[in-house]
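One structure is given below, encoded as structure tokens.
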Amino acid sequence: MANQKRLLSFLILLSLRMAMAKEVISVGVVLDFNSPVGRMAERCMSMALSDFYQENHNYNTRLALLTRDSGDDVVSAASAALDLIKNEEVQAIMGPQTSAQAKFVIQLGGKARIPIISFSATSPSLSPAQNPFFIRTAHDDSAQVKAISAIVKAYGWREIIPIYADTDYGNGLIPYLVDAFQNIDVRVPYRSVIPPSSSNTVISKELNKLKKHHKRIFIVHMAASLGSKLFVLANEAGMMKEGYAWIFTAGLSALLDPMPSKVMYSMQGVLGLRPHIPTSKKLEDFKRRLKRNLTSSKPISDRNGVNLFGLWAYDTVWALAMAVEKAGIVHSRFFKQNSSQSNVDLAALGISETGRTLRNTIRATEFRGLSGNFHLAKGQLEPSAFEIINIVGKSERIIGFWTPKRGLSQALVNGTGEVAGSISKDKLLKQPIWPGDTTDQPTKLRIGVPIKQGFVEFLKVEWLNPHTDEPTISGFSYDVFHAVLGALSFPLPYEFIPFMNENRTSLGTYDELLYQIKLQKYDAVVGDTTIVANRSTYVDFTLPYSESGVSMVVLVKNNERNNFWIFLKPLSLDLWLATFATFISTGLVIWVLEHRINSEFRGPPRQQLGTIFWFSFSTLVFAHREKVVNNWSKFVMIIWIFVVLILTQSYTASLTSMLTVQRLQPAFIDVKEIKKNGYFVGYQNGSFVKGLLTKQLNFNETILRAYNTPEEYNEALSNGSHNGGVAAIFDEIPFIKLFFAKYCSKYTMVGPTYKTGGFGFAFPQGSPLLPNISRAILNVTEDKDKLGGIEKYISSTPCEDQSATISSQSSSLDLYNFGGLFIITVVASTSSLLFHLFIFLRSHWPALNASSTDESSFGSKLLEMVKHFDRPQRSLLASPGIHPSINE
């Protein structure tokens with residue numbers, strides 16, 4: 001068979017040379033003629049050769065296409081290429097068809113230094129930069145990566161699963177896709193790799209695994225033969241219905257036209273990407289002629305329109321014919337032959353003397369072809385624009401375009417990539433029909449919301465129209481969520497699903513609501529959900545959007561102002577005792593210092609004792625009438641009057657506060673007091689606070705009572721623990737503030753604040769949306785104008801100034817607060833007294849010794865000194881205007 005082909009080729013060349021006297025240049029063609037691409041490419045190349053020389057009949061060169069059938073086999077392709085190079089001495093080879101076949105043939109072309117030109121091997125792993133004699137007259141698959149990522153970003157998808165063939169073609173694109181998705185914060189949690197020889201059972205098993213793990217967004221990159229089986233099986237597995245989204249790459253979209261009707265039916269609602277082919281009169285004429293040729297041909301499956309690879313094959317022939325003529329290639333000086341005669345000896349390959357010139361000429365060739373502008377950049381066809389198509393019925397509907405300059409747009413002007421009119425960011429593409437024959441975007445977030453009976457200012461779910469199941473939702477949490485969505489850089493479709501039963505009442509607690517995310521019944525929960533540690537074991541929370549903390553609310557005692565002994569409360573007992581002792585000691589010190597020289601401090605013992613008490617206490621109101629004349633007395637009085645001033649002012653301020661702010665005095669100030677007496681305690685129904693009370697504060701569950709509304713809080717606290725109510729209610733601070741908005745004159749917060757994480761939105765663990773939502777929350781909460789408009793639900797607190805938190809510590813002043821003052825006055829009094837006594841003894845002890853007998857005891861001498869001390873200094877007392885010195 002091979003000998004017959006070579007003989008036929010020789011006769012063709014001979015007849016062309018004899019008949020036309022033109023320089024005939026042999027060009028090899030290696031294709032799989034059993035595939036749609038190979039059959040279409042062969043017809044298009046034949047028509048291209050005829051059309052080119054009919055239009056350029058004056059050219060001195062003619063191409064002779066020597067075809068070889070490679071089948072779907074790498075070895076056959078390499079063998080065919082080796083035969084063409086060694087035995088036919090072809091100047092270039094067009095093909096082979098697949099990336100796997102091209103990988104080895106490119107090495108042969110590099111060794112023989114002849115151009116290997118492929119219009120269908122699109123894998124990025126085949127690089128013209130690394131293979132100097134490889135030319136790709138098609139788009140590199142990586143050229144479509146930015147367009148794919150733009151589509152994913154436009155629809156706000158944050159997670160996508162690539163499904164691709166385990167071939168050089170399939171594996172080559174994936175690293176580029178993953179990098180592009182990372183740049184737009186899209187996660188690839190799993191890669192589905194399908195061997196090209198997989199049976200339907202193997203493919204179905206892989207699809208069911210994806211379905212089991214609730215994966216919904218897929219991008220398919222594989223050949224048409226494998227892709228057609230995949231979509232049929234996906235449809236049978238129930239993965240082509242509402243809620244799913246599929247995108248297929250350009251390699252598959254280029255071959256949709258020959259797809260059987262069963263495959264097209266299974267692809268309803270799928271999006272695809274393919275290079276944009278500008279319409280032209282020449283292209284339409286070519287399609288008509290091709291259709292006539294296909295209609296008259298025998299294979300039924302080929303009676304369809306031209307595919308993209310056929311157009312690239314057509315333009316490749318034109319580019320090669322132009323380059324051969326321009327380079328002035330002459331066949332007689334084409335190869336420098338080696339001596340070996342073996343058909344398979346790789347070492348015996350000849351080396352082309354003109355291959356480098358032809359390669360450079362092809363790379364520099366530019367013209368307007370059927371597929372658009374033929375322009376090679378770095379050895380491969382430069383992409384211009386891509387079409388985004390939507391499979392509807394048996395046709396492909398174009399819903400938009402992507403260009404490197406403009407990105408996504410709904411229309412192009414003259415195929416230049418210019419946007420036709422201004423397009424808003426949410427209308428980059430026309431409305432597609434998604435799988436399930438719906439216009440609702442897939443992967444719409446299923447957001448669970450709680451059903452609340454009270455505190456609806458945070459979230460309120462109601463049905464304004466009794467004839468519809470669509471709820472109306474409002475409240476602070478709802479508005480924050482909408483503001484967050486507005487701060488995102490991508491759209492995020494969603495639907496609210498109330499956590500309720502048939503009677504439209506709550507199905508359970510907040511913990512049970514959040515657990516639905518783990519059960520994959522909800523994709524998120526929006527509401528006044530608190531961030532606490534145990535919940536974070538099965539969901540992830542965003543950053544908080546409200547303040548945090550749990551506190552205790554108790555009733556205010558209104559009759560404390562009528563306390564009979566309230567005047568004693570400003571000072572603690574130890575401070576009262578210390579003050580009284582200091583009064584006595586100071587009076588005594590002043591009496592000692594003034595007794596001998598001041599007549600007002602003399603008299604009968606009873607009178608002198610009264611003077612001591614009277615003088616010290618009269619200084620309390622600065623009403624003492626006795627004058628002090630001793631300088632040491634004056635020093636002690638300066639210190640003492642300063643201490644008295646501080647004490648009286650502090651006492652006055654404390655008592656005034658108690659008499660005027662008595663409504664802030666709580667009925668209970670300590671959790672221990674409530675637990676000790678076994679009082680009942682309340683909390684909000686469905687809240688995590690119940691767990692805090694039982695596990696962290698060790699309350700017995702039997703004394704806990706659940707309430708729903710602020711009105712129920714008021715009634716329970718007003719009744720008290722002994723009348724069917726509670727002694728205190730524990731709740732989060734945002735709810736307490738709402739409660740105080742109505743009843744703040746009757747209640748107050750007391751005790752410590754138990755820290756929590758605040759309110760946040762909940763998502764599945766590891767959700768790719770979480771960092772984006774958290775960043776948007778920061779933008780909203782830091783914008784005071786925006787947040788102020790949202791807080792209209794919870795900011796209307798008419799008596800918010802009365803909701804101050806009261807410490808569980810006593811409000812009385814204690815000795816520690818004034819310890820420094822007491823130390824100063826004691827030191828001053830003691831030092832003055834000791835110094836005065838020292839002076840007295842030093843001046844009178846010698847005289848006493850001289851007048852006493854030797855037999856006198858020390859006690860008797862000391863008694864004499866006391867008697868002497870009691871005697872006045874008359875000279876000083878007689879002259880009131882003369883004051884004794886300190887050294888009297």
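Ligands are numbered from 1 in the order shown, chains are lettered A, B, ... in the order of the structure tokens, and residues start at 1 in each chain.
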
Quick one: residues within 6 Å of range 674-689 of chain A, only C-alpha atoms counted, chain neighbours fewer than 6 positions away excluded, as a short mmCIF file (atom, residue, chain, number, x, y, z; two decimals) with all heavy atoms, in the first residue's frame?
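out-v4.cif, written as the output of this step:
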```cif
data_model
loop_
_atom_site.label_atom_id
_atom_site.label_comp_id
_atom_site.auth_asym_id
_atom_site.auth_seq_id
_atom_site.Cartn_x
_atom_site.Cartn_y
_atom_site.Cartn_z
N THR A 509 -33.23 25.66 67.73
CA THR A 509 -32.35 26.69 68.26
C THR A 509 -31.39 27.19 67.18
O THR A 509 -31.31 26.64 66.08
CB THR A 509 -31.53 26.12 69.43
OG1 THR A 509 -30.66 25.09 68.92
CG2 THR A 509 -32.45 25.54 70.50
N TYR A 510 -30.64 28.21 67.55
CA TYR A 510 -29.63 28.74 66.63
C TYR A 510 -28.55 27.71 66.36
O TYR A 510 -28.02 27.64 65.24
CB TYR A 510 -29.02 30.02 67.20
CG TYR A 510 -29.82 31.27 66.91
CD1 TYR A 510 -31.19 31.33 67.17
CD2 TYR A 510 -29.22 32.39 66.38
CE1 TYR A 510 -31.92 32.47 66.90
CE2 TYR A 510 -29.94 33.54 66.11
CZ TYR A 510 -31.29 33.58 66.37
OH TYR A 510 -32.03 34.71 66.10
N ILE A 703 -33.41 25.81 87.26
CA ILE A 703 -33.79 27.18 87.66
C ILE A 703 -33.71 28.15 86.47
O ILE A 703 -33.80 29.36 86.66
CB ILE A 703 -32.91 27.68 88.81
CG1 ILE A 703 -31.44 27.81 88.36
CG2 ILE A 703 -33.02 26.77 90.02
CD1 ILE A 703 -30.56 28.50 89.39
N LEU A 704 -33.52 27.61 85.25
CA LEU A 704 -33.44 28.46 84.07
C LEU A 704 -34.80 28.55 83.39
O LEU A 704 -35.51 27.54 83.28
CB LEU A 704 -32.41 27.92 83.09
CG LEU A 704 -30.97 27.76 83.60
CD1 LEU A 704 -30.06 27.28 82.48
CD2 LEU A 704 -30.46 29.08 84.17
N ARG A 705 -35.13 29.73 82.91
CA ARG A 705 -36.40 29.94 82.22
C ARG A 705 -36.14 30.72 80.94
O ARG A 705 -35.39 31.70 80.94
CB ARG A 705 -37.38 30.69 83.11
CG ARG A 705 -37.82 29.89 84.33
CD ARG A 705 -38.84 30.62 85.18
NE ARG A 705 -39.32 29.78 86.28
CZ ARG A 705 -40.21 30.18 87.19
NH1 ARG A 705 -40.70 31.43 87.13
NH2 ARG A 705 -40.60 29.36 88.15
N ALA A 706 -36.79 30.28 79.85
CA ALA A 706 -36.58 30.88 78.53
C ALA A 706 -37.69 31.87 78.21
O ALA A 706 -38.87 31.60 78.48
CB ALA A 706 -36.51 29.79 77.47
N TYR A 707 -37.31 32.99 77.61
CA TYR A 707 -38.27 34.02 77.19
C TYR A 707 -37.94 34.47 75.77
O TYR A 707 -36.82 34.27 75.28
CB TYR A 707 -38.22 35.21 78.16
CG TYR A 707 -38.55 34.83 79.59
CD1 TYR A 707 -37.53 34.65 80.53
CD2 TYR A 707 -39.86 34.63 79.99
CE1 TYR A 707 -37.81 34.29 81.83
CE2 TYR A 707 -40.15 34.26 81.30
CZ TYR A 707 -39.13 34.09 82.21
OH TYR A 707 -39.42 33.73 83.50
N ASN A 708 -38.90 35.10 75.11
CA ASN A 708 -38.75 35.46 73.71
C ASN A 708 -38.69 36.96 73.45
O ASN A 708 -37.94 37.41 72.59
CB ASN A 708 -39.88 34.86 72.87
CG ASN A 708 -39.84 33.35 72.82
OD1 ASN A 708 -38.89 32.77 72.33
ND2 ASN A 708 -40.87 32.71 73.35
N SER A 721 -38.26 36.38 91.44
CA SER A 721 -38.10 34.93 91.51
C SER A 721 -39.16 34.26 92.36
O SER A 721 -39.50 33.09 92.14
CB SER A 721 -36.70 34.61 92.04
OG SER A 721 -36.47 33.22 92.07
N VAL A 726 -38.17 35.89 87.53
CA VAL A 726 -36.75 35.59 87.69
C VAL A 726 -36.08 36.73 88.44
O VAL A 726 -36.59 37.86 88.48
CB VAL A 726 -36.05 35.39 86.33
CG1 VAL A 726 -36.58 34.15 85.62
CG2 VAL A 726 -36.20 36.62 85.45
N ALA A 727 -34.93 36.41 89.03
CA ALA A 727 -34.16 37.44 89.72
C ALA A 727 -33.27 38.21 88.75
O ALA A 727 -32.95 39.37 88.98
CB ALA A 727 -33.30 36.80 90.81
N ALA A 728 -32.87 37.56 87.66
CA ALA A 728 -31.98 38.19 86.68
C ALA A 728 -32.17 37.52 85.33
O ALA A 728 -32.64 36.37 85.25
CB ALA A 728 -30.53 38.11 87.12
N ILE A 729 -31.80 38.25 84.28
CA ILE A 729 -31.83 37.70 82.92
C ILE A 729 -30.46 37.91 82.30
O ILE A 729 -29.89 39.02 82.37
CB ILE A 729 -32.93 38.37 82.07
CG1 ILE A 729 -34.30 37.82 82.46
CG2 ILE A 729 -32.68 38.15 80.58
CD1 ILE A 729 -35.45 38.39 81.68
N PHE A 730 -29.94 36.87 81.70
CA PHE A 730 -28.65 36.94 81.00
C PHE A 730 -28.92 36.98 79.50
O PHE A 730 -29.67 36.16 78.96
CB PHE A 730 -27.78 35.73 81.33
CG PHE A 730 -27.20 35.75 82.70
CD1 PHE A 730 -27.94 35.35 83.80
CD2 PHE A 730 -25.90 36.20 82.91
CE1 PHE A 730 -27.41 35.37 85.08
CE2 PHE A 730 -25.35 36.22 84.18
CZ PHE A 730 -26.10 35.82 85.27
N ASP A 731 -28.30 37.94 78.83
CA ASP A 731 -28.45 38.03 77.38
C ASP A 731 -27.29 38.81 76.81
O ASP A 731 -26.48 39.40 77.54
CB ASP A 731 -29.78 38.69 77.00
CG ASP A 731 -30.28 38.22 75.64
OD1 ASP A 731 -29.47 37.64 74.89
OD2 ASP A 731 -31.46 38.43 75.33
#
```

#### Entry: Nearby residues (only C-alpha atoms) at most 10 Å from Gln441 in chain A, same-chain spacing under 3 positions excluded, as a ChimeraX atom specification
/A:155,242-245,431-435,438,444,492-494

Sorted by chain and rising residue number, list the residues of range 346-393 of chain A at most 8 Å from range 126-135 of chain A (counting only C-alpha atoms), each with its closest atom pair and distance in Å to one decimal, as CSV.
```
residue,atom,partner,partner_atom,distance
A:Arg356,CA,A:Phe133,CA,7.8
A:Arg359,CA,A:Phe133,CA,6.7
A:Arg363,CA,A:Ile135,CA,7.8
A:Lys378,CA,A:Ala129,CA,6.9
A:Gly379,CA,A:Ile135,CA,5.2
A:Gln380,CA,A:Ile135,CA,5.9
```

### Task
List the neighbours of Ala41 in chain A out to 10 Å using only C-alpha atoms; skip same-chain residues closer than 4 positions along the sequence, and give me the result as a list in words.
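Within the cut-off, the hits are Leu31, Asp32, Phe33, Ser35, Pro36, Val37, Met45, Ser46, Met47, Gln97, Phe119, Ser120, Val306, Asn307, Leu308, Phe309, Gly310, Leu311, Trp312, Ala313 and Tyr314 of chain A.
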
### Message
Need the shell around range 197-206 of chain A: protein/DNA/RNA residues with any atom at most 9 Å away, counting only C-alpha atoms. Skip same-chain ones fewer than 2 positions apart. Format as a PyMOL selection string?
### Response
chain A and resi 192-195+208-211+226+229-230+233-234+236-237

Could you write out the selected residues, including N, CA and C atoms, as a PDB file, in the first residue's frame?
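selection.pdb was written with the following content:
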```pdb
ATOM      1  N   SER A 192     -10.927  16.482  38.520  1.00  0.00           N
ATOM      2  CA  SER A 192     -11.465  15.215  38.022  1.00  0.00           C
ATOM      3  C   SER A 192     -10.749  14.850  36.723  1.00  0.00           C
ATOM      4  N   VAL A 193      -9.908  13.828  36.803  1.00  0.00           N
ATOM      5  CA  VAL A 193      -9.109  13.393  35.650  1.00  0.00           C
ATOM      6  C   VAL A 193      -9.699  12.109  35.094  1.00  0.00           C
ATOM      7  N   ILE A 194     -10.018  12.111  33.803  1.00  0.00           N
ATOM      8  CA  ILE A 194     -10.670  10.957  33.180  1.00  0.00           C
ATOM      9  C   ILE A 194      -9.787  10.438  32.047  1.00  0.00           C
ATOM     10  N   PRO A 195      -9.313   9.208  32.131  1.00  0.00           N
ATOM     11  CA  PRO A 195      -8.507   8.635  31.044  1.00  0.00           C
ATOM     12  C   PRO A 195      -9.330   8.572  29.749  1.00  0.00           C
ATOM     13  N   ASN A 208     -20.775  10.624  39.808  1.00  0.00           N
ATOM     14  CA  ASN A 208     -21.552  10.422  41.038  1.00  0.00           C
ATOM     15  C   ASN A 208     -20.769  10.858  42.272  1.00  0.00           C
ATOM     16  N   LYS A 209     -19.447  10.720  42.239  1.00  0.00           N
ATOM     17  CA  LYS A 209     -18.634  11.196  43.343  1.00  0.00           C
ATOM     18  C   LYS A 209     -18.702  12.717  43.455  1.00  0.00           C
ATOM     19  N   LEU A 210     -18.665  13.378  42.327  1.00  0.00           N
ATOM     20  CA  LEU A 210     -18.786  14.838  42.328  1.00  0.00           C
ATOM     21  C   LEU A 210     -20.166  15.272  42.822  1.00  0.00           C
ATOM     22  N   LYS A 211     -21.178  14.543  42.401  1.00  0.00           N
ATOM     23  CA  LYS A 211     -22.544  14.876  42.820  1.00  0.00           C
ATOM     24  C   LYS A 211     -22.726  14.649  44.322  1.00  0.00           C
ATOM     25  N   LEU A 226     -14.503  12.069  23.877  1.00  0.00           N
ATOM     26  CA  LEU A 226     -14.686  11.827  25.310  1.00  0.00           C
ATOM     27  C   LEU A 226     -15.714  12.786  25.899  1.00  0.00           C
ATOM     28  N   LYS A 229     -19.419  11.687  25.463  1.00  0.00           N
ATOM     29  CA  LYS A 229     -19.832  10.657  26.425  1.00  0.00           C
ATOM     30  C   LYS A 229     -20.058  11.271  27.804  1.00  0.00           C
ATOM     31  N   LEU A 230     -19.198  12.198  28.205  1.00  0.00           N
ATOM     32  CA  LEU A 230     -19.288  12.799  29.530  1.00  0.00           C
ATOM     33  C   LEU A 230     -20.624  13.520  29.724  1.00  0.00           C
ATOM     34  N   LEU A 233     -23.653  11.119  30.014  1.00  0.00           N
ATOM     35  CA  LEU A 233     -23.685  10.451  31.316  1.00  0.00           C
ATOM     36  C   LEU A 233     -23.998  11.434  32.438  1.00  0.00           C
ATOM     37  N   ALA A 234     -23.538  12.687  32.318  1.00  0.00           N
ATOM     38  CA  ALA A 234     -23.869  13.704  33.322  1.00  0.00           C
ATOM     39  C   ALA A 234     -25.364  13.983  33.327  1.00  0.00           C
ATOM     40  N   GLU A 236     -27.678  11.821  32.493  1.00  0.00           N
ATOM     41  CA  GLU A 236     -28.309  10.647  33.091  1.00  0.00           C
ATOM     42  C   GLU A 236     -28.123  10.631  34.613  1.00  0.00           C
ATOM     43  N   ALA A 237     -27.047  11.224  35.096  1.00  0.00           N
ATOM     44  CA  ALA A 237     -26.791  11.266  36.535  1.00  0.00           C
ATOM     45  C   ALA A 237     -27.535  12.392  37.232  1.00  0.00           C
TER      46      ALA A 237
END
```

### Selected residue, from A:Gln410, A:Gln182, A:Gln765, A:Gln649, that lies nearest to Glu159 in chain A when counting only C-alpha atoms
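Ranking A:Gln410, A:Gln182, A:Gln765, A:Gln649 by distance to Glu159 in chain A, first place goes to A:Gln182.
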
### Residue contacts of Gly436 in chain A (12 Å, only C-alpha atoms) excluding same-chain residues fewer than 5 positions away, as a list in words
Asn235, Gly238, Met239, Met240, Lys241, Glu242, Gly243, Tyr244, Ala245, Trp246, Tyr265, Ser266, Met267, Gln268, Gly269, Val270, Val392, Gln441 and Pro442 of chain A

Restricting the output to C-alpha atoms, write the selected residues as a PDB file, in the first residue's frame.
```
ATOM      1  CA  ASN A 235     -27.418  14.192  32.083  1.00  0.00           C
ATOM      2  CA  GLY A 238     -29.060  14.279  37.090  1.00  0.00           C
ATOM      3  CA  MET A 239     -26.248  16.825  36.864  1.00  0.00           C
ATOM      4  CA  MET A 240     -27.703  18.824  33.966  1.00  0.00           C
ATOM      5  CA  LYS A 241     -30.609  20.234  35.959  1.00  0.00           C
ATOM      6  CA  GLU A 242     -31.211  23.503  37.786  1.00  0.00           C
ATOM      7  CA  GLY A 243     -28.440  24.438  40.200  1.00  0.00           C
ATOM      8  CA  TYR A 244     -25.562  23.206  38.034  1.00  0.00           C
ATOM      9  CA  ALA A 245     -23.296  25.125  35.677  1.00  0.00           C
ATOM     10  CA  TRP A 246     -20.961  23.782  33.000  1.00  0.00           C
ATOM     11  CA  TYR A 265     -29.778  17.476  24.080  1.00  0.00           C
ATOM     12  CA  SER A 266     -27.604  16.509  27.060  1.00  0.00           C
ATOM     13  CA  MET A 267     -25.723  19.830  26.866  1.00  0.00           C
ATOM     14  CA  GLN A 268     -28.704  22.149  27.257  1.00  0.00           C
ATOM     15  CA  GLY A 269     -27.775  25.293  29.184  1.00  0.00           C
ATOM     16  CA  VAL A 270     -24.020  24.674  29.002  1.00  0.00           C
ATOM     17  CA  VAL A 392     -30.027  26.063  23.573  1.00  0.00           C
ATOM     18  CA  GLN A 441     -28.156  31.636  37.994  1.00  0.00           C
ATOM     19  CA  PRO A 442     -26.750  28.346  39.306  1.00  0.00           C
TER      20      PRO A 442
END
```

### Query
Quick one: distance from CA of Ile329 in chain A to CA of Ile362 in chain A in Å, one decimal?
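CA of Ile362 in chain A lies at a distance of 12.4 Å from CA of Ile329 in chain A.
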
### Query
Where does DSSP see strand (DSSP E) in range 128-241 of chain A, if you list the residues as a list in words?
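For range 128-241 of chain A, the strand (DSSP E) set is Phe134, Ile135, Arg136, Ile161, Pro162, Ile163, Tyr164, Ala165, Ser192, Val193, Ile194, Ile217, Phe218, Ile219, Val220 and His221 of chain A.
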
Distance query range 315-322 of chain A at most 10 Å, only C-alpha atoms, self and fewer than 2 positions along chain excluded, as a short mmCIF file (atom, residue, chain, number, x, y, z; two decimals) with C-alpha atoms, in the first residue's frame:
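So result-v9.cif came out as:
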```cif
data_model
loop_
_atom_site.label_atom_id
_atom_site.label_comp_id
_atom_site.auth_asym_id
_atom_site.auth_seq_id
_atom_site.Cartn_x
_atom_site.Cartn_y
_atom_site.Cartn_z
CA ILE A 25 7.51 21.57 -3.52
CA VAL A 27 4.74 19.06 1.73
CA CYS A 44 -10.36 22.18 3.47
CA MET A 45 -6.68 21.78 2.57
CA SER A 46 -7.58 20.44 -0.85
CA MET A 47 -9.94 23.36 -1.45
CA ALA A 48 -7.32 25.79 -0.11
CA LEU A 49 -4.70 24.54 -2.58
CA ASP A 51 -8.36 28.30 -4.42
CA PHE A 52 -4.84 29.67 -3.81
CA TYR A 53 -3.38 28.79 -7.20
CA ASN A 56 -2.25 33.23 -7.75
CA TYR A 59 3.36 31.88 -8.88
CA THR A 61 6.02 27.33 -7.14
CA ARG A 62 3.38 24.74 -6.51
CA LEU A 63 2.72 22.77 -3.33
CA LEU A 65 0.44 17.64 -0.49
CA ALA A 92 7.45 20.90 5.70
CA MET A 94 1.39 19.93 8.38
CA ILE A 117 3.15 23.20 11.23
CA SER A 118 0.13 22.20 13.35
CA PHE A 119 -3.33 23.72 13.23
CA ARG A 136 1.33 26.56 15.56
CA THR A 137 -1.26 28.07 13.21
CA ALA A 138 -3.88 27.73 15.94
CA PHE A 309 -9.91 23.37 12.71
CA GLY A 310 -10.94 23.15 9.07
CA LEU A 311 -10.65 26.93 8.69
CA TRP A 312 -7.23 26.91 10.36
CA ALA A 313 -6.13 24.09 8.01
CA VAL A 324 7.38 28.94 -0.29
CA GLU A 325 6.99 31.41 -3.14
CA LYS A 326 8.46 34.30 -1.17
CA ALA A 327 11.44 32.29 0.09
CA LEU A 358 11.15 28.76 5.16
CA ARG A 359 10.42 28.78 8.90
CA THR A 361 9.27 33.34 6.14
CA ILE A 362 6.18 31.53 7.45
CA ARG A 363 6.47 33.33 10.79
CA ALA A 364 6.59 36.69 9.00
CA THR A 365 3.62 35.94 6.73
CA GLU A 366 0.45 37.97 7.32
CA PHE A 367 -2.83 38.04 5.43
CA ARG A 368 -6.60 38.03 5.88
CA GLY A 369 -7.72 34.43 5.99
CA LEU A 370 -11.03 32.64 6.43
CA SER A 371 -10.53 32.49 10.22
CA GLY A 372 -9.58 36.17 10.46
CA ASN A 373 -6.21 37.88 10.54
CA PHE A 374 -3.38 35.40 10.05
CA HIS A 375 -0.61 36.78 12.25
#
```

### Query
Out of range 354-565 of chain A, which residues get alpha helix (DSSP H) from DSSP, as number ranges by chain?
A: 355-364, 476-487, 510-518

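One finds CA of Ser142 in chain A at 14.0 Å from CA of Met222 in chain A.
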
### Query
Within 12 Å of Lys452 in chain A, counting only C-alpha atoms, which residues qualify if same-chain residues fewer than 5 places away don't, as a list in words?
Glu457, Phe458, Leu459, Lys460, Val461, Glu462, Ile473, Ser474, Gly475, Pro498, Phe499, Met500, Arg504, Thr505, Ser506, Leu507, Gly508, Thr509, Tyr510, Gly527, Asp528, Thr529, Gln684, Asn685, Gly686, Ser687, Tyr707, Asn708 and Thr709 of chain A
